[in-house]
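Shown below: model02.txt, with compact mmCIF, C-alpha atoms.
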```txt
# COMPACT_ATOMS: atom_id res chain seq x y z
CA MET A 193 1.85 107.06 10.32
CA GLY A 194 4.69 109.44 11.13
CA GLU A 195 4.65 110.60 7.54
CA ARG A 196 0.91 111.20 7.71
CA ARG A 197 1.31 113.31 10.84
CA ARG A 198 3.95 115.46 9.16
CA GLU A 199 1.44 116.34 6.45
CA LEU A 200 -1.07 117.58 9.01
CA SER A 201 0.02 121.20 9.17
CA GLU A 202 -2.73 123.73 8.48
CA ALA A 203 -1.38 124.12 4.95
CA GLY A 204 -1.36 120.35 4.52
CA ILE A 205 -4.94 120.05 5.70
CA GLU A 206 -5.97 122.84 3.31
CA ARG A 207 -4.32 121.10 0.37
CA ALA A 208 -6.01 117.86 1.28
CA LEU A 209 -9.41 119.56 1.54
CA LEU A 210 -9.00 121.23 -1.84
CA ALA A 211 -8.05 117.89 -3.36
CA LEU A 212 -10.99 116.22 -1.63
CA ARG A 213 -13.40 118.67 -3.25
CA HIS A 214 -12.92 117.02 -6.64
CA HIS A 215 -13.84 113.63 -5.22
CA LEU A 216 -17.09 114.50 -3.52
CA GLU A 217 -20.29 113.15 -4.92
CA TYR A 218 -23.49 115.13 -4.75
CA PRO A 219 -26.89 113.93 -5.87
CA PRO A 220 -27.93 115.36 -9.23
CA THR A 221 -29.40 118.84 -8.93
CA PRO A 222 -33.18 118.76 -9.43
CA PRO A 223 -34.79 121.21 -11.90
CA LEU A 224 -35.21 123.94 -9.30
CA ALA A 225 -35.62 126.77 -11.82
CA ARG A 226 -38.77 125.17 -13.19
CA SER A 227 -40.25 124.30 -9.80
CA VAL A 228 -39.46 127.74 -8.38
CA ARG A 229 -41.12 129.41 -11.35
CA ARG A 230 -44.23 127.26 -10.88
CA ALA A 231 -44.30 128.16 -7.21
CA LEU A 232 -43.98 131.87 -7.97
CA GLU A 233 -46.69 131.80 -10.62
CA GLY A 234 -49.06 130.13 -8.18
CA PRO A 235 -50.91 131.87 -5.37
CA ARG A 236 -48.55 133.89 -3.20
CA PRO A 237 -48.13 132.66 0.36
CA ARG A 238 -50.10 134.70 2.94
CA SER A 239 -48.17 137.78 3.94
CA ARG A 240 -47.07 138.08 7.52
CA PRO A 241 -47.48 141.67 8.66
CA TRP A 242 -45.35 140.96 11.70
CA ALA A 243 -42.44 139.71 9.60
CA THR A 244 -39.40 141.90 10.12
CA GLY A 245 -37.36 140.43 7.33
CA LEU A 246 -34.78 139.39 9.86
CA PRO A 247 -34.02 135.69 10.06
CA GLY A 248 -35.13 133.40 12.87
CA ARG A 249 -34.88 134.50 16.46
CA ARG A 250 -33.66 138.01 15.74
CA GLY A 251 -36.83 138.78 13.82
CA LEU A 252 -38.94 137.37 16.63
CA ALA A 253 -37.01 139.33 19.26
CA VAL A 254 -37.43 142.61 17.36
CA THR A 255 -41.15 141.98 16.91
CA LEU A 256 -41.66 141.19 20.59
CA ALA A 257 -39.67 144.25 21.68
CA ALA A 258 -41.76 146.49 19.45
CA LEU A 259 -44.99 144.99 20.78
CA LEU A 260 -43.82 145.40 24.35
CA LEU A 261 -43.00 149.05 23.76
CA VAL A 262 -46.38 149.72 22.21
CA VAL A 263 -48.21 147.96 25.03
CA THR A 264 -46.18 149.77 27.69
CA LEU A 265 -46.86 153.17 26.20
CA ALA A 266 -50.51 152.38 25.74
CA LEU A 267 -51.20 151.05 29.23
CA ALA A 268 -48.90 153.03 31.56
CA PRO A 269 -51.10 155.66 33.31
CA PRO A 270 -48.79 158.61 33.92
CA VAL A 271 -47.02 159.23 30.65
CA ARG A 272 -44.29 161.22 32.33
CA VAL A 273 -43.37 158.17 34.42
CA VAL A 274 -42.95 156.20 31.26
CA ALA A 275 -40.85 158.94 29.69
CA GLU A 276 -38.66 159.06 32.80
CA ARG A 277 -38.25 155.30 32.86
CA LEU A 278 -37.15 155.41 29.26
CA GLY A 279 -34.65 158.10 30.17
CA LEU A 280 -36.43 160.63 27.98
CA ARG A 281 -35.80 163.59 30.20
CA GLY A 282 -36.77 166.91 28.86
CA ILE A 283 -39.61 165.50 26.81
CA PHE A 284 -43.00 166.61 27.96
CA LEU A 285 -46.11 164.91 26.77
CA VAL A 286 -49.33 166.73 27.20
CA GLU A 287 -52.71 165.09 27.31
CA LEU A 288 -55.78 167.23 27.58
CA ALA A 289 -58.40 166.14 30.09
CA PRO A 290 -61.67 165.43 28.23
CA SER A 291 -63.84 167.61 30.48
CA SER A 292 -61.73 170.57 31.54
CA GLY A 293 -59.39 170.93 28.65
CA MET A 294 -56.61 171.55 31.19
CA PRO A 295 -53.31 169.79 30.59
CA LEU A 296 -52.75 166.77 32.87
CA ILE A 297 -49.02 167.00 32.60
CA SER A 298 -47.23 170.24 32.21
CA ASP A 299 -43.82 171.79 32.57
CA PRO A 300 -42.60 170.93 36.07
CA ALA A 301 -40.87 174.28 36.32
CA ALA A 302 -44.20 176.03 35.88
CA THR A 303 -46.04 173.93 38.46
CA SER A 304 -43.37 173.53 41.14
CA ALA A 305 -44.23 174.97 44.48
CA PRO A 306 -42.37 178.11 45.51
CA PRO A 307 -39.58 177.65 48.07
CA MET B 93 -30.66 141.57 -12.64
CA ALA B 94 -34.00 140.04 -11.76
CA ARG B 95 -36.40 142.21 -9.84
CA LEU B 96 -39.63 141.45 -8.09
CA GLY B 97 -42.33 140.87 -10.68
CA ASP B 98 -39.99 139.54 -13.35
CA VAL B 99 -40.40 135.82 -12.84
CA GLY B 100 -38.77 134.96 -16.17
CA ALA B 101 -35.60 136.81 -15.31
CA TYR B 102 -35.58 135.22 -11.88
CA GLU B 103 -35.91 131.78 -13.43
CA ARG B 104 -32.74 132.45 -15.45
CA LEU B 105 -31.01 133.58 -12.27
CA VAL B 106 -32.08 130.39 -10.50
CA GLN B 107 -30.69 128.28 -13.34
CA ARG B 108 -27.34 129.92 -12.76
CA TYR B 109 -27.31 129.31 -9.00
CA GLN B 110 -29.39 126.18 -8.54
CA ASP B 111 -26.39 123.81 -8.36
CA LEU B 112 -24.81 125.88 -5.64
CA ALA B 113 -28.08 126.30 -3.73
CA PHE B 114 -28.87 122.61 -3.86
CA ARG B 115 -25.36 121.53 -2.85
CA THR B 116 -25.31 123.96 0.05
CA ALA B 117 -28.65 122.63 1.26
CA TYR B 118 -27.38 119.08 0.81
CA LEU B 119 -24.26 119.80 2.82
CA ILE B 120 -26.47 120.79 5.73
CA THR B 121 -29.40 118.40 5.49
CA GLY B 122 -27.52 115.36 4.22
CA GLU B 123 -30.58 114.15 2.30
CA SER B 124 -31.47 114.81 -1.31
CA ALA B 125 -35.23 115.24 -0.84
CA GLU B 126 -34.80 117.58 2.13
CA ALA B 127 -32.15 119.53 0.26
CA GLU B 128 -34.43 119.95 -2.73
CA ASP B 129 -37.29 121.22 -0.55
CA ALA B 130 -34.98 123.53 1.38
CA ALA B 131 -33.36 124.94 -1.75
CA GLN B 132 -36.70 125.48 -3.49
CA GLU B 133 -38.25 127.18 -0.48
CA ALA B 134 -35.17 129.34 -0.03
CA LEU B 135 -35.19 130.40 -3.68
CA VAL B 136 -38.85 131.39 -3.41
CA LYS B 137 -38.12 133.37 -0.24
CA ALA B 138 -35.16 135.02 -1.93
CA TYR B 139 -37.42 136.17 -4.75
CA TYR B 140 -39.75 137.95 -2.33
CA ALA B 141 -36.75 139.37 -0.49
CA LEU B 142 -35.31 140.91 -3.67
CA PRO B 143 -36.59 144.41 -2.79
CA ARG B 144 -34.33 144.30 0.29
CA PHE B 145 -31.28 143.15 -1.67
CA ARG B 146 -28.79 145.96 -2.04
CA ARG B 147 -27.99 146.54 -5.70
CA GLY B 148 -24.29 145.98 -6.36
CA ALA B 149 -23.81 143.66 -3.39
CA PRO B 150 -22.70 140.09 -4.10
CA PHE B 151 -25.74 137.95 -4.79
CA ARG B 152 -24.19 134.51 -4.27
CA PRO B 153 -23.46 134.73 -0.53
CA TRP B 154 -26.74 136.57 0.11
CA LEU B 155 -28.59 133.70 -1.49
CA LEU B 156 -26.52 131.07 0.34
CA ARG B 157 -27.37 132.64 3.67
CA ILE B 158 -31.06 132.22 2.94
CA VAL B 159 -30.51 128.65 1.73
CA ALA B 160 -28.42 127.72 4.77
CA ASN B 161 -31.00 129.15 7.18
CA GLU B 162 -33.80 127.25 5.46
CA ALA B 163 -31.82 124.01 5.41
CA ARG B 164 -30.91 124.36 9.09
CA ASN B 165 -34.51 125.04 10.07
CA ARG B 166 -35.69 121.96 8.21
CA ARG B 167 -33.01 119.79 9.74
CA LYS B 168 -33.89 121.00 13.22
CA ALA B 169 -37.57 120.42 12.53
CA ALA B 170 -36.82 116.89 11.41
CA ARG B 171 -34.72 116.46 14.61
CA ARG B 172 -32.16 114.63 12.58
CA ARG B 173 -29.07 113.84 14.56
CA ASP B 174 -26.84 112.32 11.98
CA SER B 175 -26.18 115.03 9.43
CA ARG B 176 -23.18 114.01 7.48
CA ILE B 177 -22.02 116.43 4.90
CA VAL B 178 -21.57 114.07 2.00
CA ARG B 179 -21.92 110.33 1.76
CA ALA B 180 -18.65 108.51 2.37
CA THR B 181 -19.78 105.79 -0.02
CA ALA B 182 -18.85 108.09 -2.85
CA LEU B 183 -15.23 107.86 -1.84
CA SER B 184 -15.31 104.13 -1.18
CA ARG B 185 -15.76 103.57 -4.89
CA ALA B 186 -12.63 105.57 -5.57
CA GLY B 187 -10.88 103.55 -2.88
CA ASP B 188 -11.52 100.36 -4.86
CA GLY B 189 -9.09 101.60 -7.46
CA THR B 190 -11.86 102.75 -9.79
CA GLY B 191 -11.96 106.36 -10.93
CA PRO B 192 -13.62 108.96 -8.74
CA LEU B 193 -17.34 109.51 -8.94
CA GLY B 194 -17.90 106.16 -10.64
CA GLY B 195 -15.80 106.97 -13.67
CA GLU B 196 -13.63 104.60 -15.71
CA PRO B 197 -11.01 102.67 -13.75
CA ARG B 198 -7.63 104.26 -13.95
CA VAL B 199 -4.20 103.94 -12.44
CA GLY B 200 -4.25 107.37 -10.90
CA ASP B 201 -2.80 110.82 -11.39
CA ALA B 202 0.59 111.31 -13.00
CA GLY B 203 1.53 107.62 -13.27
CA GLU B 204 0.50 106.76 -9.71
CA SER B 205 0.59 103.07 -8.91
CA PRO B 206 -2.64 101.32 -7.86
CA GLU B 207 -1.20 100.97 -4.38
CA ASP B 208 -0.53 104.71 -4.14
CA ALA B 209 -3.95 105.47 -5.55
CA ALA B 210 -5.54 103.25 -2.94
CA LEU B 211 -3.54 104.95 -0.19
CA VAL B 212 -4.59 108.39 -1.38
CA ALA B 213 -8.21 107.26 -1.54
CA GLU B 214 -7.94 105.89 1.98
CA GLU B 215 -6.61 109.23 3.20
CA ARG B 216 -9.46 111.01 1.50
CA ARG B 217 -11.91 108.72 3.26
CA LEU B 218 -10.29 109.46 6.59
CA LEU B 219 -10.38 113.19 5.95
CA LEU B 220 -14.03 113.11 4.90
CA GLU B 221 -14.99 111.12 7.99
CA ALA B 222 -13.10 113.62 10.11
CA VAL B 223 -15.00 116.49 8.47
CA ASN B 224 -18.29 114.66 9.15
CA GLY B 225 -17.20 114.25 12.76
CA LEU B 226 -16.98 118.00 13.36
CA ARG B 227 -19.82 120.03 14.79
CA GLU B 228 -22.11 121.73 12.27
CA GLU B 229 -20.59 125.18 12.64
CA ASP B 230 -17.11 123.94 11.75
CA ARG B 231 -18.35 121.72 8.94
CA LEU B 232 -20.19 124.62 7.32
CA VAL B 233 -17.19 126.95 7.49
CA ILE B 234 -14.95 124.30 5.91
CA ALA B 235 -17.53 123.38 3.29
CA TYR B 236 -18.04 127.01 2.29
CA ARG B 237 -14.33 127.61 1.87
CA TYR B 238 -12.99 124.36 0.45
CA PHE B 239 -15.97 122.55 -1.11
CA LEU B 240 -18.05 125.45 -2.43
CA ASP B 241 -15.12 127.78 -3.08
CA LEU B 242 -16.48 130.92 -1.45
CA SER B 243 -14.08 133.79 -0.88
CA GLU B 244 -13.61 135.13 2.65
CA GLU B 245 -15.73 138.13 1.76
CA GLU B 246 -18.52 135.88 0.50
CA MET B 247 -18.25 133.71 3.58
CA ALA B 248 -18.66 136.79 5.78
CA VAL B 249 -21.97 137.55 4.08
CA ALA B 250 -23.12 133.93 4.03
CA LEU B 251 -22.29 133.44 7.71
CA GLY B 252 -23.48 136.89 8.77
CA CYS B 253 -20.23 137.87 10.48
CA PRO B 254 -17.35 140.34 9.91
CA ARG B 255 -14.59 139.34 7.52
CA GLY B 256 -12.02 139.24 10.29
CA THR B 257 -14.18 136.78 12.17
CA VAL B 258 -14.24 134.51 9.11
CA LYS B 259 -10.45 134.15 9.19
CA SER B 260 -10.39 133.25 12.87
CA ARG B 261 -13.33 130.86 12.56
CA LEU B 262 -11.71 129.14 9.61
CA SER B 263 -8.44 128.80 11.47
CA ARG B 264 -10.18 127.31 14.50
CA SER B 265 -12.21 124.92 12.36
CA LEU B 266 -9.06 123.72 10.59
CA GLN B 267 -7.39 123.16 13.95
CA ARG B 268 -10.35 121.11 15.16
CA LEU B 269 -10.28 119.16 11.91
CA ARG B 270 -6.62 118.46 12.37
CA ASP B 271 -7.27 117.23 15.90
CA GLU B 272 -10.07 115.03 14.61
CA VAL B 273 -7.86 113.54 11.90
CA LEU B 274 -5.12 112.83 14.44
CA ARG B 275 -7.62 111.23 16.76
CA ARG B 276 -8.81 108.95 13.98
CA LEU B 277 -5.29 108.15 12.89
CA GLY B 278 -4.48 107.17 16.44
CA ALA B 279 -7.65 105.11 16.69
CA GLU B 280 -6.92 103.31 13.41
CA THR B 281 -3.46 102.47 14.66
CA THR B 282 -4.82 100.98 17.85
CA GLY B 283 -7.85 99.39 16.16
CA ILE B 284 -10.45 101.41 18.07
CA ASP B 285 -13.77 101.76 16.25
CA THR B 286 -14.32 105.44 15.49
CA THR B 287 -17.63 105.09 13.68
CA GLY B 288 -20.74 106.38 15.36
CA GLU B 289 -20.54 108.67 18.37
CA ARG B 290 -17.28 110.40 19.10
CA SER B 291 -15.47 109.14 22.19
CA ASP B 292 -13.11 111.12 24.39
CA GLY B 293 -9.31 110.62 24.16
```
Would it be possible to restate this file's structure as structure tokens?
Amino acid sequence: MGERRRELSEAGIERALLALRHHLEYPPTPPLARSVRRALEGPRPRSRPWATGLPGRRGLAVTLAALLLVVTLALAPPVRVVAERLGLRGIFLVELAPSSGMPLISDPAATSAPP
Amino acid sequence: MARLGDVGAYERLVQRYQDLAFRTAYLITGESAEAEDAAQEALVKAYYALPRFRRGAPFRPWLLRIVANEARNRRKAARRRDSRIVRATALSRAGDGTGPLGGEPRVGDAGESPEDAALVAEERRLLLEAVNGLREEDRLVIAYRYFLDLSEEEMAVALGCPRGTVKSRLSRSLQRLRDEVLRRLGAETTGIDTTGERSDG
């Protein structure tokens, strides 16, 4: 056993793994090329418009973050509050009131009360 | 290079990589039928992902990443706990003094005696069991490097991590493998059964 332990340096383990590779048995590879071609020539799976192309949880996280942003911007009443929360200082969003045509949000410098 | 819409060209590409795709899936799922399903599904997904593949980038590790993700998802869905990389029974045949992989009986390499050949086969069995005893992350890193012969650069793409991280992960995995082999050597010396769940000490 002492001799076996001496062989267990990282280099020894690497050599043993490389030697082991030639003695592994895998099941025979099925004819995947044929089956993949048949699958591709069949009806295409339904597309997923929400698919980000990112694998697994990252894709889901990106999708949820994008949805949350859209919902937040759509529902938050004062748009300037949203802009401030997002740290978007200096950006002014103007929405015209349907009846008066007057801007609801304007340049703070123009509307601030005199000292 | 196959592009989306050219199914014939893609079929030729699949023929070139199907062995690697299937073996990678098998290393993760541990079952032939699951591996076939995982590899096929991954190859179909890869076809539809071709528009996002950067021309000139290495195709092999990009494909293996898709295959590995698909195989892992299927294994999780099946809630399989025992996911050995490769069957140890393959090596037990070699340990009987017959040739590896069920070939003709032979003495061994370079004039090796039957006793030496049996000892070497026994060590291979121990090493394979130690590899199977590692956690999935370590097994995959070792399999990519030593069983599937990926370069470090390819492993970085397949694992989705920087190249420098590959070196450190490989080093850590080898260390854990070494510890596992030593643990089993110690257990064999004392006669403790190391099959099944890993025990502490």
**Study point:** Residues near Phe145 of chain B, cut-off 10 Å, only C-alpha atoms, skip fewer than 5 positions along chain, as number ranges by chain
**Key:** B: 95, 138-140, 150-151, 154-155
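Between atom CA of Val263 of chain A and atom CA of Arg250 of chain A the interatomic distance comes to 19.9 Å.
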Exercise for review: Determine which residues of chain A sit within 6 Å of chain B, taking into account only C-alpha atoms, and present them as an MDAnalysis selection string.
Suggested key: chainID A and resid 210 213 215 217 221 225
Only C-alpha atoms, as a PDB file, in the first residue's frame: that is what I want for segment 122-149 of chain B.
```pdb
ATOM      1  CA  GLY B 122     -25.429   7.117 -16.474  1.00  0.00           C
ATOM      2  CA  GLU B 123     -28.117   5.461 -18.590  1.00  0.00           C
ATOM      3  CA  SER B 124     -28.040   4.722 -22.292  1.00  0.00           C
ATOM      4  CA  ALA B 125     -31.683   5.541 -23.062  1.00  0.00           C
ATOM      5  CA  GLU B 126     -31.578   8.815 -21.126  1.00  0.00           C
ATOM      6  CA  ALA B 127     -28.282   9.711 -22.763  1.00  0.00           C
ATOM      7  CA  GLU B 128     -29.716   9.091 -26.211  1.00  0.00           C
ATOM      8  CA  ASP B 129     -32.752  11.276 -25.505  1.00  0.00           C
ATOM      9  CA  ALA B 130     -30.608  14.010 -23.973  1.00  0.00           C
ATOM     10  CA  ALA B 131     -28.109  13.985 -26.828  1.00  0.00           C
ATOM     11  CA  GLN B 132     -30.821  14.023 -29.486  1.00  0.00           C
ATOM     12  CA  GLU B 133     -32.722  16.851 -27.830  1.00  0.00           C
ATOM     13  CA  ALA B 134     -29.520  18.821 -27.354  1.00  0.00           C
ATOM     14  CA  LEU B 135     -28.531  18.379 -30.996  1.00  0.00           C
ATOM     15  CA  VAL B 136     -31.941  19.624 -32.111  1.00  0.00           C
ATOM     16  CA  LYS B 137     -31.652  22.633 -29.789  1.00  0.00           C
ATOM     17  CA  ALA B 138     -28.157  23.305 -31.075  1.00  0.00           C
ATOM     18  CA  TYR B 139     -29.487  23.417 -34.632  1.00  0.00           C
ATOM     19  CA  TYR B 140     -31.989  26.135 -33.743  1.00  0.00           C
ATOM     20  CA  ALA B 141     -29.300  27.966 -31.782  1.00  0.00           C
ATOM     21  CA  LEU B 142     -26.941  28.062 -34.775  1.00  0.00           C
ATOM     22  CA  PRO B 143     -27.806  31.705 -35.592  1.00  0.00           C
ATOM     23  CA  ARG B 144     -26.360  32.650 -32.178  1.00  0.00           C
ATOM     24  CA  PHE B 145     -23.176  30.638 -32.684  1.00  0.00           C
ATOM     25  CA  ARG B 146     -20.236  32.929 -33.335  1.00  0.00           C
ATOM     26  CA  ARG B 147     -18.536  31.989 -36.589  1.00  0.00           C
ATOM     27  CA  GLY B 148     -14.927  30.995 -35.963  1.00  0.00           C
ATOM     28  CA  ALA B 149     -15.524  29.978 -32.350  1.00  0.00           C
TER      29      ALA B 149
END
```
